[in-house]
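Structure file input.tsv (TSV, C-alpha atoms) follows.
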```tsv
chain	number	residue	atom	x	y	z
L	1	MET	CA	2.23	-0.18	22.89
L	2	LYS	CA	3.14	3.16	24.44
L	3	PHE	CA	3.49	6.40	22.50
L	4	TYR	CA	5.90	8.97	23.98
L	5	ASN	CA	4.54	12.38	23.08
L	6	PHE	CA	4.94	16.10	23.67
L	7	PRO	CA	1.98	18.25	22.60
L	8	GLY	CA	4.01	21.25	21.38
L	9	ALA	CA	6.49	19.41	19.13
L	10	PRO	CA	5.92	18.91	15.39
L	11	SER	CA	7.22	15.35	14.90
L	12	PRO	CA	4.98	13.70	17.52
L	13	ARG	CA	2.07	15.62	15.97
L	14	ARG	CA	2.60	13.62	12.78
L	15	VAL	CA	1.97	10.42	14.74
L	16	ARG	CA	-1.05	11.92	16.55
L	17	ILE	CA	-2.66	12.89	13.23
L	18	PHE	CA	-1.78	9.49	11.73
L	19	LEU	CA	-3.51	7.71	14.63
L	20	ALA	CA	-6.53	10.05	14.49
L	21	GLU	CA	-6.98	9.38	10.75
L	22	LYS	CA	-6.91	5.66	11.58
L	23	GLY	CA	-9.47	6.19	14.35
L	24	ALA	CA	-6.97	4.39	16.60
L	25	SER	CA	-5.68	5.23	20.03
L	26	VAL	CA	-2.58	4.13	21.88
L	27	GLU	CA	-1.51	4.58	25.50
L	28	THR	CA	0.33	7.90	25.60
L	29	VAL	CA	3.16	9.03	27.89
L	30	SER	CA	3.98	12.72	28.05
L	31	VAL	CA	7.64	13.82	27.91
L	32	ASP	CA	8.23	17.44	28.90
L	33	MET	CA	10.51	18.80	26.20
L	34	ARG	CA	10.32	22.31	27.70
L	35	ALA	CA	12.13	20.89	30.74
L	36	ARG	CA	14.46	18.95	28.36
L	37	GLU	CA	13.23	15.65	29.75
L	38	GLN	CA	14.19	14.07	26.40
L	39	LEU	CA	17.85	14.54	27.41
L	40	SER	CA	17.43	12.74	30.75
L	41	PRO	CA	19.16	9.39	31.34
L	42	ALA	CA	15.76	7.69	31.72
L	43	PHE	CA	14.60	8.87	28.31
L	44	ARG	CA	17.99	8.27	26.71
L	45	ALA	CA	17.68	4.61	27.65
L	46	ARG	CA	14.59	4.50	25.43
L	47	ASN	CA	15.98	6.59	22.58
L	48	PRO	CA	19.69	7.44	22.61
L	49	ARG	CA	18.97	10.18	20.04
L	50	CYS	CA	16.80	12.06	22.58
L	51	THR	CA	14.02	12.77	20.07
L	52	LEU	CA	10.27	12.34	20.03
L	53	PRO	CA	8.13	10.55	18.96
L	54	VAL	CA	9.04	7.15	20.40
L	55	LEU	CA	6.87	4.04	20.22
L	56	GLU	CA	7.47	1.34	22.82
L	57	LEU	CA	6.36	-2.07	21.58
L	58	ASP	CA	4.83	-4.74	23.82
L	59	ASP	CA	8.11	-6.70	23.79
L	60	GLY	CA	9.88	-3.69	25.34
L	61	SER	CA	11.71	-2.55	22.22
L	62	PHE	CA	11.58	1.01	20.93
L	63	LEU	CA	10.98	2.64	17.56
L	64	PHE	CA	12.08	6.25	17.18
L	65	GLU	CA	11.84	7.52	13.63
L	66	THR	CA	8.48	8.91	12.54
L	67	VAL	CA	8.32	7.00	9.27
L	68	ALA	CA	9.20	3.75	11.07
L	69	ILE	CA	6.54	4.35	13.74
L	70	CYS	CA	3.96	5.07	11.03
L	71	GLN	CA	4.97	1.90	9.15
L	72	TYR	CA	4.43	-0.15	12.30
L	73	LEU	CA	1.07	1.48	13.03
L	74	GLU	CA	0.04	0.98	9.39
L	75	ASN	CA	0.51	-2.76	9.84
L	76	VAL	CA	-1.29	-2.85	13.21
L	77	PHE	CA	-4.17	-0.62	12.05
L	78	PRO	CA	-4.38	-1.26	8.29
L	79	GLU	CA	-7.53	0.79	7.58
L	80	PRO	CA	-7.89	3.38	6.31
L	81	ASN	CA	-4.71	2.82	4.35
L	82	LEU	CA	-2.30	5.77	4.72
L	83	MET	CA	0.92	4.36	3.20
L	84	GLY	CA	-0.15	3.01	-0.19
L	85	ARG	CA	-2.08	0.04	-1.55
L	86	ASP	CA	0.16	-1.12	-4.40
L	87	PRO	CA	3.92	-1.09	-5.09
L	88	LYS	CA	3.88	2.22	-6.97
L	89	GLU	CA	1.74	4.02	-4.40
L	90	MET	CA	3.77	2.60	-1.49
L	91	ALA	CA	6.95	3.89	-3.12
L	92	GLN	CA	5.41	7.30	-3.87
L	93	VAL	CA	4.34	7.62	-0.24
L	94	LEU	CA	7.91	7.03	0.97
L	95	MET	CA	9.33	9.32	-1.72
L	96	TRP	CA	7.08	12.30	-1.00
L	97	ASN	CA	7.32	11.79	2.73
L	98	ARG	CA	11.12	11.91	2.52
L	99	LEU	CA	11.18	14.92	0.17
L	100	ILE	CA	8.88	16.86	2.49
L	101	GLU	CA	10.98	15.86	5.51
L	102	ALA	CA	14.25	16.88	3.83
L	103	ASP	CA	13.27	20.08	2.05
L	104	GLY	CA	10.52	21.08	4.47
L	105	PHE	CA	10.90	19.71	7.96
L	106	ASP	CA	14.70	19.75	8.08
L	107	ALA	CA	14.86	23.15	6.36
L	108	VAL	CA	12.43	24.76	8.83
L	109	ALA	CA	14.21	23.15	11.77
L	110	GLU	CA	17.48	24.57	10.41
L	111	ALA	CA	15.99	28.09	10.18
L	112	LEU	CA	14.53	27.86	13.68
L	113	ARG	CA	17.29	26.07	15.58
L	114	ASN	CA	20.04	28.31	14.24
L	115	SER	CA	18.26	31.56	15.14
L	116	VAL	CA	16.31	31.19	18.40
L	117	PRO	CA	18.48	32.36	21.33
L	118	GLY	CA	16.99	29.73	23.67
L	119	LEU	CA	18.31	27.01	21.35
L	120	ALA	CA	21.96	28.10	21.49
L	121	GLY	CA	24.03	24.89	21.44
L	122	ARG	CA	20.95	22.96	20.26
L	123	ALA	CA	21.37	23.52	16.51
L	124	LEU	CA	20.79	19.80	16.04
L	125	THR	CA	18.68	17.43	18.11
L	126	GLY	CA	20.49	14.72	20.04
L	127	PRO	CA	22.79	14.37	23.03
L	128	ARG	CA	25.75	16.26	21.53
L	129	GLU	CA	25.77	20.08	21.63
L	130	HIS	CA	26.17	21.80	18.26
L	131	ALA	CA	26.69	25.56	17.91
L	132	GLN	CA	24.27	27.64	15.88
L	133	ILE	CA	25.40	28.56	12.34
L	134	PRO	CA	23.65	31.78	11.28
L	135	GLU	CA	24.08	31.14	7.52
L	136	LEU	CA	21.71	28.18	7.82
L	137	VAL	CA	18.77	30.42	8.74
L	138	GLU	CA	18.32	32.06	5.35
L	139	ARG	CA	19.20	28.84	3.55
L	140	GLY	CA	16.48	27.01	5.48
L	141	ARG	CA	13.94	29.70	4.57
L	142	LEU	CA	14.84	29.47	0.88
L	143	ARG	CA	14.58	25.69	0.86
L	144	ALA	CA	11.20	25.70	2.59
L	145	GLY	CA	9.96	28.29	0.09
L	146	ASP	CA	11.06	26.09	-2.82
L	147	LEU	CA	9.20	23.15	-1.29
L	148	PHE	CA	6.00	25.15	-0.82
L	149	ALA	CA	6.06	26.15	-4.50
L	150	GLU	CA	6.57	22.50	-5.46
L	151	LEU	CA	3.69	21.32	-3.26
L	152	ASP	CA	1.49	23.98	-4.87
L	153	ARG	CA	2.34	22.64	-8.34
L	154	GLN	CA	1.70	19.06	-7.21
L	155	LEU	CA	-1.73	20.07	-5.84
L	156	ALA	CA	-2.81	21.86	-9.05
L	157	ASP	CA	-4.89	18.91	-10.26
L	158	ARG	CA	-5.21	16.82	-7.11
L	159	GLU	CA	-7.28	17.07	-3.93
L	160	PHE	CA	-4.43	15.55	-1.89
L	161	LEU	CA	-0.72	15.33	-2.70
L	162	LEU	CA	-0.91	11.91	-4.35
L	163	GLY	CA	-4.48	11.94	-5.64
L	164	ASP	CA	-7.97	11.70	-4.22
L	165	ARG	CA	-7.26	10.40	-0.74
L	166	LEU	CA	-5.17	11.50	2.20
L	167	LEU	CA	-1.86	9.68	2.69
L	168	LEU	CA	1.16	10.05	4.99
L	169	PRO	CA	2.81	12.81	2.86
L	170	ASP	CA	-0.25	15.02	3.40
L	171	ILE	CA	0.17	14.63	7.16
L	172	THR	CA	3.89	15.41	6.99
L	173	ALA	CA	3.26	18.45	4.78
L	174	LEU	CA	0.51	19.81	7.06
L	175	VAL	CA	2.84	19.60	10.05
L	176	VAL	CA	5.65	21.26	8.07
L	177	VAL	CA	3.47	24.19	6.93
L	178	ASP	CA	2.32	24.82	10.52
L	179	PHE	CA	5.85	24.34	11.92
L	180	ALA	CA	7.15	26.83	9.34
L	181	ALA	CA	4.64	29.45	10.50
L	182	ARG	CA	6.18	29.17	13.98
L	183	ALA	CA	9.54	29.99	12.36
L	184	LYS	CA	7.79	32.95	10.62
L	185	ILE	CA	8.11	31.19	7.27
L	186	ARG	CA	4.69	31.52	5.66
L	187	ALA	CA	3.55	29.90	2.45
L	188	PRO	CA	2.76	32.85	0.13
L	189	GLU	CA	-0.99	33.42	-0.35
L	190	GLN	CA	-0.60	33.33	-4.12
L	191	LEU	CA	0.08	29.59	-3.79
L	192	GLY	CA	-3.65	29.00	-4.15
L	193	ASN	CA	-3.57	25.23	-4.43
L	194	LEU	CA	-1.48	24.91	-1.28
L	195	SER	CA	-3.79	27.34	0.57
L	196	ARG	CA	-6.90	25.42	-0.46
L	197	TRP	CA	-5.35	22.10	0.57
L	198	HIS	CA	-4.05	23.56	3.87
L	199	ALA	CA	-7.51	24.90	4.76
L	200	ALA	CA	-9.09	21.51	4.02
L	201	MET	CA	-6.43	19.61	6.00
L	202	SER	CA	-6.75	22.01	8.96
L	203	ALA	CA	-10.52	21.58	9.04
L	204	ARG	CA	-10.28	17.81	9.58
L	205	PRO	CA	-10.74	16.67	13.18
L	206	SER	CA	-7.34	14.93	13.01
L	207	ALA	CA	-5.56	18.30	12.69
L	208	ALA	CA	-6.40	19.03	16.33
L	209	ALA	CA	-5.13	15.66	17.55
E	1	MET	CA	11.74	-0.26	-15.71
E	2	LYS	CA	14.83	1.86	-16.28
E	3	PHE	CA	17.42	2.63	-13.62
E	4	TYR	CA	19.33	5.92	-14.05
E	5	ASN	CA	22.79	5.39	-12.64
E	6	PHE	CA	26.24	6.91	-12.29
E	7	PRO	CA	29.02	4.49	-11.26
E	8	GLY	CA	30.96	6.95	-9.06
E	9	ALA	CA	28.10	8.23	-6.92
E	10	PRO	CA	27.18	6.70	-3.54
E	11	SER	CA	23.35	6.84	-3.66
E	12	PRO	CA	22.96	4.89	-6.93
E	13	ARG	CA	25.41	2.35	-5.48
E	14	ARG	CA	22.83	1.57	-2.79
E	15	VAL	CA	20.38	0.54	-5.51
E	16	ARG	CA	23.03	-1.44	-7.40
E	17	ILE	CA	23.89	-3.45	-4.28
E	18	PHE	CA	20.19	-3.90	-3.46
E	19	LEU	CA	19.55	-5.34	-6.94
E	20	ALA	CA	22.66	-7.54	-6.77
E	21	GLU	CA	21.56	-9.01	-3.42
E	22	LYS	CA	18.19	-9.77	-5.05
E	23	GLY	CA	19.95	-11.40	-8.02
E	24	ALA	CA	17.86	-9.03	-10.17
E	25	SER	CA	18.82	-6.83	-13.06
E	26	VAL	CA	17.12	-3.81	-14.57
E	27	GLU	CA	17.81	-1.86	-17.76
E	28	THR	CA	20.34	0.80	-16.79
E	29	VAL	CA	20.90	4.27	-18.26
E	30	SER	CA	24.10	6.10	-17.44
E	31	VAL	CA	23.96	9.77	-16.43
E	32	ASP	CA	27.32	11.56	-16.46
E	33	MET	CA	27.42	13.43	-13.18
E	34	ARG	CA	31.01	14.56	-13.87
E	35	ALA	CA	29.61	16.57	-16.80
E	36	ARG	CA	26.69	17.65	-14.53
E	37	GLU	CA	24.22	15.94	-16.83
E	38	GLN	CA	21.87	15.64	-13.82
E	39	LEU	CA	21.34	19.40	-14.07
E	40	SER	CA	20.35	19.28	-17.76
E	41	PRO	CA	16.76	20.11	-18.80
E	42	ALA	CA	16.30	16.57	-20.11
E	43	PHE	CA	17.22	15.02	-16.78
E	44	ARG	CA	15.33	17.66	-14.79
E	45	ALA	CA	12.15	16.60	-16.60
E	46	ARG	CA	12.65	13.17	-14.99
E	47	ASN	CA	13.70	14.37	-11.55
E	48	PRO	CA	13.33	18.08	-10.76
E	49	ARG	CA	15.68	17.56	-7.80
E	50	CYS	CA	18.53	16.64	-10.16
E	51	THR	CA	19.66	13.67	-8.08
E	52	LEU	CA	20.44	10.02	-8.76
E	53	PRO	CA	19.25	7.28	-8.51
E	54	VAL	CA	16.04	7.54	-10.50
E	55	LEU	CA	13.79	4.62	-11.40
E	56	GLU	CA	11.51	5.04	-14.41
E	57	LEU	CA	8.46	2.77	-14.21
E	58	ASP	CA	6.82	1.16	-17.20
E	59	ASP	CA	3.95	3.67	-17.07
E	60	GLY	CA	6.46	6.50	-17.60
E	61	SER	CA	6.43	7.80	-14.01
E	62	PHE	CA	9.60	8.35	-11.99
E	63	LEU	CA	10.74	7.47	-8.48
E	64	PHE	CA	13.69	9.39	-7.11
E	65	GLU	CA	14.37	8.71	-3.45
E	66	THR	CA	16.55	5.71	-2.66
E	67	VAL	CA	14.26	4.28	0.02
E	68	ALA	CA	11.26	4.63	-2.30
E	69	ILE	CA	13.10	2.92	-5.16
E	70	CYS	CA	14.14	0.09	-2.83
E	71	GLN	CA	10.55	-0.28	-1.58
E	72	TYR	CA	9.33	-0.60	-5.16
E	73	LEU	CA	12.02	-3.13	-6.06
E	74	GLU	CA	11.27	-5.07	-2.85
E	75	ASN	CA	7.69	-5.55	-4.04
E	76	VAL	CA	8.74	-6.48	-7.60
E	77	PHE	CA	11.53	-8.83	-6.47
E	78	PRO	CA	10.38	-10.06	-3.04
E	79	GLU	CA	13.16	-12.60	-2.42
E	80	PRO	CA	15.49	-12.52	-0.66
E	81	ASN	CA	13.64	-10.16	1.61
E	82	LEU	CA	15.70	-7.01	2.33
E	83	MET	CA	13.13	-4.73	4.00
E	84	GLY	CA	11.63	-6.86	6.76
E	85	ARG	CA	9.22	-9.78	7.06
E	86	ASP	CA	6.95	-8.66	9.91
E	87	PRO	CA	5.69	-5.29	11.21
E	88	LYS	CA	8.48	-4.88	13.76
E	89	GLU	CA	11.27	-5.78	11.35
E	90	MET	CA	9.79	-3.62	8.57
E	91	ALA	CA	9.72	-0.67	10.98
E	92	GLN	CA	13.26	-1.34	12.21
E	93	VAL	CA	14.52	-1.42	8.62
E	94	LEU	CA	13.04	2.02	7.92
E	95	MET	CA	14.28	3.35	11.27
E	96	TRP	CA	17.89	2.23	10.87
E	97	ASN	CA	17.97	3.18	7.22
E	98	ARG	CA	16.84	6.71	8.09
E	99	LEU	CA	19.24	7.04	11.03
E	100	ILE	CA	22.17	5.97	8.86
E	101	GLU	CA	21.09	8.36	6.09
E	102	ALA	CA	20.71	11.30	8.48
E	103	ASP	CA	23.72	10.86	10.76
E	104	GLY	CA	25.93	9.13	8.20
E	105	PHE	CA	25.12	9.89	4.61
E	106	ASP	CA	23.97	13.48	5.13
E	107	ALA	CA	26.82	14.16	7.58
E	108	VAL	CA	29.50	12.90	5.17
E	109	ALA	CA	27.92	14.81	2.29
E	110	GLU	CA	28.00	17.93	4.46
E	111	ALA	CA	31.70	17.45	5.24
E	112	LEU	CA	32.54	16.83	1.57
E	113	ARG	CA	30.32	19.35	-0.20
E	114	ASN	CA	31.33	22.22	2.06
E	115	SER	CA	35.07	21.64	1.65
E	116	VAL	CA	35.87	20.48	-1.90
E	117	PRO	CA	36.79	23.50	-4.07
E	118	GLY	CA	35.18	21.92	-7.15
E	119	LEU	CA	31.84	21.87	-5.34
E	120	ALA	CA	31.73	25.62	-4.61
E	121	GLY	CA	28.08	26.67	-4.96
E	122	ARG	CA	27.03	23.00	-4.78
E	123	ALA	CA	26.82	22.66	-0.99
E	124	LEU	CA	23.44	20.99	-1.48
E	125	THR	CA	22.23	18.85	-4.36
E	126	GLY	CA	19.45	20.23	-6.53
E	127	PRO	CA	18.88	22.97	-9.07
E	128	ARG	CA	19.47	25.91	-6.71
E	129	GLU	CA	23.05	26.99	-5.94
E	130	HIS	CA	23.97	27.07	-2.24
E	131	ALA	CA	27.26	28.52	-0.97
E	132	GLN	CA	29.65	26.37	1.05
E	133	ILE	CA	29.54	26.86	4.85
E	134	PRO	CA	32.93	25.87	6.30
E	135	GLU	CA	31.56	25.23	9.84
E	136	LEU	CA	29.60	22.28	8.47
E	137	VAL	CA	32.78	20.36	7.61
E	138	GLU	CA	33.87	19.61	11.16
E	139	ARG	CA	30.29	19.13	12.30
E	140	GLY	CA	29.75	16.54	9.59
E	141	ARG	CA	32.91	14.71	10.65
E	142	LEU	CA	31.80	14.63	14.28
E	143	ARG	CA	28.36	13.35	13.41
E	144	ALA	CA	29.72	10.59	11.17
E	145	GLY	CA	32.11	9.57	13.96
E	146	ASP	CA	29.23	9.33	16.43
E	147	LEU	CA	27.32	7.14	13.98
E	148	PHE	CA	30.28	4.80	13.46
E	149	ALA	CA	30.56	4.30	17.22
E	150	GLU	CA	26.85	3.53	17.40
E	151	LEU	CA	27.02	1.04	14.53
E	152	ASP	CA	29.92	-0.66	16.31
E	153	ARG	CA	27.82	-1.04	19.49
E	154	GLN	CA	24.87	-2.35	17.47
E	155	LEU	CA	27.12	-4.96	15.83
E	156	ALA	CA	28.59	-6.21	19.13
E	157	ASP	CA	26.28	-9.23	19.26
E	158	ARG	CA	24.96	-9.38	15.71
E	159	GLU	CA	26.38	-10.52	12.37
E	160	PHE	CA	24.42	-7.81	10.54
E	161	LEU	CA	22.91	-4.60	11.89
E	162	LEU	CA	19.49	-6.09	12.66
E	163	GLY	CA	20.41	-9.71	13.30
E	164	ASP	CA	21.53	-12.71	11.30
E	165	ARG	CA	20.67	-11.61	7.79
E	166	LEU	CA	21.55	-8.68	5.57
E	167	LEU	CA	18.87	-5.98	5.23
E	168	LEU	CA	18.68	-2.55	3.62
E	169	PRO	CA	20.36	-0.73	6.57
E	170	ASP	CA	23.48	-2.86	6.04
E	171	ILE	CA	23.63	-1.71	2.41
E	172	THR	CA	23.14	1.94	3.37
E	173	ALA	CA	25.81	1.68	6.08
E	174	LEU	CA	28.34	0.01	3.74
E	175	VAL	CA	27.91	2.80	1.22
E	176	VAL	CA	28.25	5.42	3.98
E	177	VAL	CA	31.48	3.93	5.37
E	178	ASP	CA	33.02	3.86	1.87
E	179	PHE	CA	31.69	7.35	1.02
E	180	ALA	CA	33.18	8.65	4.28
E	181	ALA	CA	36.61	7.29	3.34
E	182	ARG	CA	36.45	9.45	0.20
E	183	ALA	CA	35.90	12.44	2.50
E	184	LYS	CA	38.89	11.23	4.54
E	185	ILE	CA	36.61	10.27	7.43
E	186	ARG	CA	37.72	6.81	8.47
E	187	ALA	CA	36.02	4.57	10.98
E	188	PRO	CA	38.64	4.10	13.75
E	189	GLU	CA	40.27	0.66	13.72
E	190	GLN	CA	39.43	0.12	17.39
E	191	LEU	CA	35.78	-0.19	16.32
E	192	GLY	CA	36.35	-3.91	15.88
E	193	ASN	CA	32.74	-4.94	15.32
E	194	LEU	CA	32.32	-2.37	12.58
E	195	SER	CA	35.63	-3.43	10.98
E	196	ARG	CA	34.65	-7.11	11.01
E	197	TRP	CA	31.22	-6.32	9.51
E	198	HIS	CA	32.75	-3.97	6.90
E	199	ALA	CA	35.22	-6.62	5.77
E	200	ALA	CA	32.43	-9.19	5.43
E	201	MET	CA	30.15	-6.79	3.56
E	202	SER	CA	33.00	-5.75	1.23
E	203	ALA	CA	33.77	-9.39	0.41
E	204	ARG	CA	30.28	-10.05	-0.92
E	205	PRO	CA	29.96	-9.98	-4.72
E	206	SER	CA	27.24	-7.31	-4.39
E	207	ALA	CA	29.77	-4.80	-3.02
E	208	ALA	CA	31.32	-4.55	-6.49
E	209	ALA	CA	27.99	-4.00	-8.21
```

The structure in this file should be written as structure tokens.
Amino acid sequence: MKFYNFPGAPSPRRVRIFLAEKGASVETVSVDMRAREQLSPAFRARNPRCTLPVLELDDGSFLFETVAICQYLENVFPEPNLMGRDPKEMAQVLMWNRLIEADGFDAVAEALRNSVPGLAGRALTGPREHAQIPELVERGRLRAGDLFAELDRQLADREFLLGDRLLLPDITALVVVDFAARAKIRAPEQLGNLSRWHAAMSARPSAAA
Amino acid sequence: MKFYNFPGAPSPRRVRIFLAEKGASVETVSVDMRAREQLSPAFRARNPRCTLPVLELDDGSFLFETVAICQYLENVFPEPNLMGRDPKEMAQVLMWNRLIEADGFDAVAEALRNSVPGLAGRALTGPREHAQIPELVERGRLRAGDLFAELDRQLADREFLLGDRLLLPDITALVVVDFAARAKIRAPEQLGNLSRWHAAMSARPSAAA
């Protein structure tokens, strides 16, 4: 296996933390997103969507959606379990992961990509240029704020989002909270449960992976 | 289990087709989205996001993301397998399902929700009102068109999207192609592989579920 990574990007960080929590390591290839190497013909042959992370399997095929890469790694490195041990927990992992991607990750990306001058024409990832739409900035901020409040409620009586152990949605949420801070969207301090959880997640060695 | 359904909506149709391909049936409760029953306090107590489908489990908990509901049903009704038999296929199912949701389902929803007068203030699902953004209409159409071309390439040497048997991404893609037609986004007829696959998918009894 080969993991195509860029240290500064949020989505590959999800895979790095996932691997670190497994205590697993995979051969890693760096792709320089600052130089837009993900748009190069060589990279496009691996992933026509020009996004990271990408996982190259030993048979030469490629996986390029974070949840799919995590599912593969979960099967290769089953312990500690990060994607659920029974049908209900497996489903809850996919549900929360998707909710946090949609209302958190996508919302923050919308706020950032439609406002940063250096991303003009790059309002969406991928090979096609898309113009920035300023109305999406405030909408993205609102959506991320709604998600933070929901995560805070979910964490009121739980150590982690789904109970007493860390699962994939915790990793996705940690990356979203930190990604949001880069877009100057900060979880309000009065969300005490979220703050407590974020401090605990950030103190784990995997957070620096 | 109870499945909360509305016949006219595309996302619950994914679950109906999934169940029909399994030859399984589940107690079904109808939610009248035309009367906006999904925004009622009673429904919001089940799913605070006010979306369908929802699956109520026998312990009284709720699942409300399509991929999560399908994962649960896959474990309860394992045959025929619709979400992959080995680590690579399981990952490919999640990858293609997500790509088709993002570039197809979300793109068509964007084109529709930002243009239909009756959906003013409903540019996104959920309890919060979001104004329509007209620029998203053409962008959604472009994105859906790009996805259709990609599906056509993927189907060039395959009966179904991932090979010789139907899997969840085929169901998601069928629903997207039909949903797009409602938004007057039609897959061009010169996409012959996609047309052949769509005709075959539409002829299956599950398509009418």

Mind pulling up the distance from CA of Thr172 in chain E to CA of Gln71 in chain L?
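So the two atoms, CA of Gln71 in chain L and CA of Thr172 in chain E, lie 19.1 Å apart.
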
Pick out the closest residue to chain E from this set: L:Pro127, L:Pro12, L:Pro117, L:Gly104. Count all atoms listed in the file.
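Comparing L:Pro127, L:Pro12, L:Pro117, L:Gly104 against chain E, the winner is L:Pro127.
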
Please find the residues of chain L near chain E - the criterion being any atom within 6 Å, counting all atoms listed in the file - and write them as a VMD selection string.
chain L and resid 65 68 71 to 72 75 87 91 94 to 95

Separation of CA of Leu112 in chain E and CA of Leu19 in chain E, in Å?
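Computing the Euclidean distance for CA of Leu112 in chain E and CA of Leu19 in chain E yields 27.1 Å.
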
Atomic distance CA of Glu159 in chain L - CA of Pro7 in chain L, expressed in Å with one decimal:
28.1 Å

In terms of the shortest atom-to-atom distance over only C-alpha atoms, which of L:Ile171, L:Arg141, L:Ala149, L:Ala199 is closest to Arg16 in chain L?
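Smallest distance to Arg16 in chain L is found for L:Ile171.
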
Within 12 Å of Leu151 in chain L, counting only C-alpha atoms, which residues show up once you throw out same-chain ones fewer than 2 positions away? Write them as a ChimeraX atom specification, please.
/L:96-97,99-100,103-104,144-149,153-162,169-170,172-174,176-177,187,191-198

Range 61-160 of chain E near range 29-41 of chain E within 12 Å: what's each residue's closest atom pair and its distance in Å to one decimal, counting all atoms listed in the file, ordered by chain then ascending residue number, as JSON lines?
```
{"residue": "E:Gly118", "atom": "CA", "partner": "E:Arg34", "partner_atom": "CA", "distance": 10.8}
{"residue": "E:Leu119", "atom": "CA", "partner": "E:Arg34", "partner_atom": "CA", "distance": 11.3}
{"residue": "E:Arg122", "atom": "CA", "partner": "E:Arg36", "partner_atom": "CA", "distance": 11.1}
{"residue": "E:Thr125", "atom": "CA", "partner": "E:Leu39", "partner_atom": "CA", "distance": 9.8}
{"residue": "E:Gly126", "atom": "CA", "partner": "E:Leu39", "partner_atom": "CA", "distance": 7.8}
{"residue": "E:Pro127", "atom": "CA", "partner": "E:Leu39", "partner_atom": "CA", "distance": 6.6}
{"residue": "E:Arg128", "atom": "CA", "partner": "E:Leu39", "partner_atom": "CA", "distance": 10.0}
{"residue": "E:Glu129", "atom": "CA", "partner": "E:Leu39", "partner_atom": "CA", "distance": 11.3}
```

Identify which of the residues E:Val108, E:Leu124, E:Ala208, E:Thr51 lies closest to Arg186 in chain E, counting only C-alpha atoms when measuring atom-to-atom distances.
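Among the listed residues, the smallest separation from Arg186 in chain E belongs to E:Val108.
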
Would you be able to write out as a list in words which residues have an atom within 12 Å of (20.3, -10.9, -9.4) in the file's coordinates, counting all atoms listed in the file?
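Within 12 Å of (20.3, -10.9, -9.4), the protein and nucleic acid residues are Arg16, Ile17, Phe18, Leu19, Ala20, Glu21, Lys22, Gly23, Ala24, Ser25, Val26, Leu73, Phe77, Pro78, Glu79, Pro80, Pro205, Ser206 and Ala209 of chain E.
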
Output C-alpha atoms for every residue in that selection, as a CSV table (one decimal), in the frame of the given file.
```
chain,number,residue,atom,x,y,z
E,16,ARG,CA,23.0,-1.4,-7.4
E,17,ILE,CA,23.9,-3.4,-4.3
E,18,PHE,CA,20.2,-3.9,-3.5
E,19,LEU,CA,19.6,-5.3,-6.9
E,20,ALA,CA,22.7,-7.5,-6.8
E,21,GLU,CA,21.6,-9.0,-3.4
E,22,LYS,CA,18.2,-9.8,-5.0
E,23,GLY,CA,20.0,-11.4,-8.0
E,24,ALA,CA,17.9,-9.0,-10.2
E,25,SER,CA,18.8,-6.8,-13.1
E,26,VAL,CA,17.1,-3.8,-14.6
E,73,LEU,CA,12.0,-3.1,-6.1
E,77,PHE,CA,11.5,-8.8,-6.5
E,78,PRO,CA,10.4,-10.1,-3.0
E,79,GLU,CA,13.2,-12.6,-2.4
E,80,PRO,CA,15.5,-12.5,-0.7
E,205,PRO,CA,30.0,-10.0,-4.7
E,206,SER,CA,27.2,-7.3,-4.4
E,209,ALA,CA,28.0,-4.0,-8.2
```

May I have the residues within 10 Å of Gly60 in chain E as a PyMOL selection string, using only C-alpha atoms and disregarding those fewer than 2 positions away in the same chain?
chain E and resi 1-2+46+55-58+62
